[in-house]
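Undergrad: Next up is a structure, given as structure tokens.
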Amino acid sequence: MHYWKRQFKNDDSDAPFRAAIRAIWEADKHYGVRSVYLKLRQQPAFKAVNHKKVQRLVHEMGLKGVGYHKQSRQFDLSKGPEGKRVTNKLHRRFKTNQSFFIFL
């Protein structure tokens, strides 16, 4: 038998880690790798777990944090404090009917 086939007979040594990671992620599905790692470190049984191992297991299990995007809409500086667009007091043209026209 080939040496690498022997590892399939062995039990998964990461099974307790996988179960704990799955339980943490199921409690709050917004958690990513870092949050799962920090919550796992708070448990006394997994005090010395490495962040690289947690990242590998999370990616192998296909867990991803959902939601909480940084910015959902584009910021527009031309809007005033009330949220209305500032009036064009200088009467500048910002639109043109010519393509590739440069405003100077």
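Residue numbering restarts at 1 for every chain of the structure tokens, chains are lettered A, B, ... in their displayed order, and ligands are numbered from 1 as they appear.
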Residues near segment 4-17 of chain A, anyone? I mean within 10 Å using only C-alpha atoms, not counting same-chain ones fewer than 6 positions away, as a PyMOL selection string.

TA: chain A and resi 23+40+45-46+49+53-54+57-58

Undergrad: Generate a file of the selected residues that holds N, CA, C and O atoms, formatted as an mmCIF file, in the first residue's frame.

TA:
data_model
loop_
_atom_site.group_PDB
_atom_site.id
_atom_site.type_symbol
_atom_site.label_atom_id
_atom_site.label_comp_id
_atom_site.auth_asym_id
_atom_site.auth_seq_id
_atom_site.Cartn_x
_atom_site.Cartn_y
_atom_site.Cartn_z
ATOM 1 N N ALA A 23 -20.038 25.405 15.064
ATOM 2 C CA ALA A 23 -20.970 25.914 16.078
ATOM 3 C C ALA A 23 -20.857 27.431 16.219
ATOM 4 O O ALA A 23 -21.874 28.131 16.336
ATOM 5 N N LEU A 40 -12.982 31.299 19.044
ATOM 6 C CA LEU A 40 -12.447 29.975 19.352
ATOM 7 C C LEU A 40 -11.380 30.061 20.439
ATOM 8 O O LEU A 40 -11.287 29.192 21.304
ATOM 9 N N ALA A 45 -10.665 24.963 25.842
ATOM 10 C CA ALA A 45 -10.145 23.763 25.178
ATOM 11 C C ALA A 45 -9.299 24.099 23.953
ATOM 12 O O ALA A 45 -8.423 23.325 23.560
ATOM 13 N N PHE A 46 -9.546 25.268 23.348
ATOM 14 C CA PHE A 46 -8.845 25.659 22.119
ATOM 15 C C PHE A 46 -8.022 26.925 22.335
ATOM 16 O O PHE A 46 -7.940 27.775 21.471
ATOM 17 N N VAL A 49 -4.882 27.366 19.758
ATOM 18 C CA VAL A 49 -5.070 27.097 18.335
ATOM 19 C C VAL A 49 -4.417 28.208 17.511
ATOM 20 O O VAL A 49 -4.374 29.360 17.917
ATOM 21 N N LYS A 53 -4.344 27.540 11.091
ATOM 22 C CA LYS A 53 -5.124 26.300 11.105
ATOM 23 C C LYS A 53 -6.609 26.611 11.016
ATOM 24 O O LYS A 53 -7.352 25.949 10.283
ATOM 25 N N VAL A 54 -7.049 27.646 11.745
ATOM 26 C CA VAL A 54 -8.450 28.039 11.704
ATOM 27 C C VAL A 54 -8.821 28.499 10.297
ATOM 28 O O VAL A 54 -9.874 28.130 9.766
ATOM 29 N N LEU A 57 -9.157 25.449 7.992
ATOM 30 C CA LEU A 57 -10.372 24.679 8.247
ATOM 31 C C LEU A 57 -11.627 25.412 7.783
ATOM 32 O O LEU A 57 -12.542 24.803 7.225
ATOM 33 N N VAL A 58 -11.662 26.717 8.004
ATOM 34 C CA VAL A 58 -12.832 27.490 7.570
ATOM 35 C C VAL A 58 -12.958 27.443 6.049
ATOM 36 O O VAL A 58 -14.055 27.268 5.503
#

Undergrad: Set the distance at 12 Å and use only C-alpha atoms: which residues neighbour Arg56 of chain A once local chain neighbours fewer than 4 positions away are removed? I'd like the list as a list in words.

TA: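 Non-adjacent residues within range: Asp14, Phe17, Arg18, Ile21, Val33, Arg34, Tyr37, Asn50, His51, Lys52, Glu60, Met61, Gly62 and Leu63 of chain A.
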
Undergrad: Could you tell me which of A:Lys89, A:Tyr3, A:Lys64, A:Ala20 comes closest to Arg41 of chain A if we count only C-alpha atoms?

TA: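 Answer, going by the shortest atom-to-atom distance: A:Ala20.
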
Undergrad: Which distance in Å separates atom CA of Ile24 of chain A and atom CA of Gln55 of chain A, to one decimal?

TA: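 Taking atom CA of Ile24 of chain A and atom CA of Gln55 of chain A, their separation equals 13.8 Å.
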